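Novice: I have a structure here, written as structure tokens, and I will follow up with some questions on it.
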Amino acid sequence: MDAELLAENPMAALKLKAPERVEEEVDPEAVPDPAQAAALLSAVGRQGDRGRHLEAFFGCLYYAGARPGELVDIRLQDFDLPRRGWGLVRLQESRARSGSSWTDSGEAHDRRGLKHRTRKTVRHVPIPPELVAKLRWHVTLYGAHTDGRIFRTARGGMVQESGYGEVWANTRQEAPSPSEQESKLAKRPYDLRHATVSTWLSSGVEPQLVAQRAGHSVGVLFRVYAKFLKGGDEAANAKISARLNQHRATPARHMSPASTQ
């Protein structure tokens, strides 16, 4: 009698890949403009010792478009901080908090490559003089840990989401107007990163370069920041009109009778 048993285990031939997490489209109401972001960053520094220590941390979220997990273990050697002009940050890993029971190393924060990138990928992001100045001030005041980390707790530990989240919540109650406090504006530190990417796009930076600096694919950039891309229609139309008008102003070249023979 046929027992209908499989001759071999078919599961061994399956190659499963975890689905890519799809980021939701960014709501413009949650994204601070440059003036609002500057006011928020200034307010961070007024939140006591912990706030002063985290001002440059939040500055990296805004000016460099970094993710929080990419900053908690970042080292001084990952930055180029010239006295004048633009600097550079090299983002090369993310330290998401998973709990020591869930990591191979036994550490609370898992070591991972950059989001949606290979483990060895390094993202080079130019940083403006405003952030360079904040980082130079931070290093002068606090130095670096023995392992090179520039952001850390009072006891030298890794910066925790609960810690910087509390500072941000207090900051948000101080900087915006009462109506803004009731709105979606910059409710999360991550909204600073969204503000950066939207600023790059609205400044006319090519989407391919924006995607590269933000650590996105161009497809994800278009999907997540669709509303900010639509906002550039008027500027794009003006550029097209200028080009068409230039063409109309140039006299047409007529072929000579000899050239038609």
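Residue numbering restarts at 1 in every chain; chains get A, B, ... in the order shown in the structure tokens, and ligands count up from 1 in that same order.
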Could you give me, as a PyMOL selection string, the residues within 9 Å of Val72 (chain A), counting only C-alpha atoms and dropping anything in the same chain fewer than 3 positions from it?
Specialist: chain A and resi 57+68-69+94-96+149-152+158-160
Novice: Report the closest atom pair, with its distance in Å rounded to one decimal, for each residue of region 143-184 of chain A that has an atom no farther than 8 Å from region 39-44 of chain A; count only C-alpha atoms, sort by chain and then rising residue number, and write it as a tab-separated table.
Specialist:
residue	atom	partner	partner_atom	distance
A:Val167	CA	A:Val44	CA	7.1
A:Trp168	CA	A:Val44	CA	7.1
A:Thr171	CA	A:Val44	CA	5.5
A:Arg172	CA	A:Leu40	CA	6.9
A:Glu174	CA	A:Ala43	CA	6.9
A:Ala175	CA	A:Leu40	CA	5.5
A:Pro176	CA	A:Leu40	CA	7.5
Novice: For Pro128 (chain A), find every residue with an atom within 12 Å (counting only C-alpha atoms), except residues of its own chain fewer than 2 positions away, and show them as an NGL selection string.
Specialist: :A and (59-60 or 62-65 or 80-89 or 125-126 or 130-135 or 196)
Novice: Using only C-alpha atoms, can you tell me which of A:Arg67, A:Trp137, A:Arg50, A:Gly157 comes closest to Arg188 (chain A)?
Specialist: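 Selected residue with least distance to Arg188 (chain A): A:Arg67.
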Novice: Rounded to one decimal place, report the CA of Glu70 (chain A)-CA of Glu93 (chain A) distance in Å.
Specialist: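 Answer for the CA of Glu70 (chain A) to CA of Glu93 (chain A) separation: 5.9 Å.
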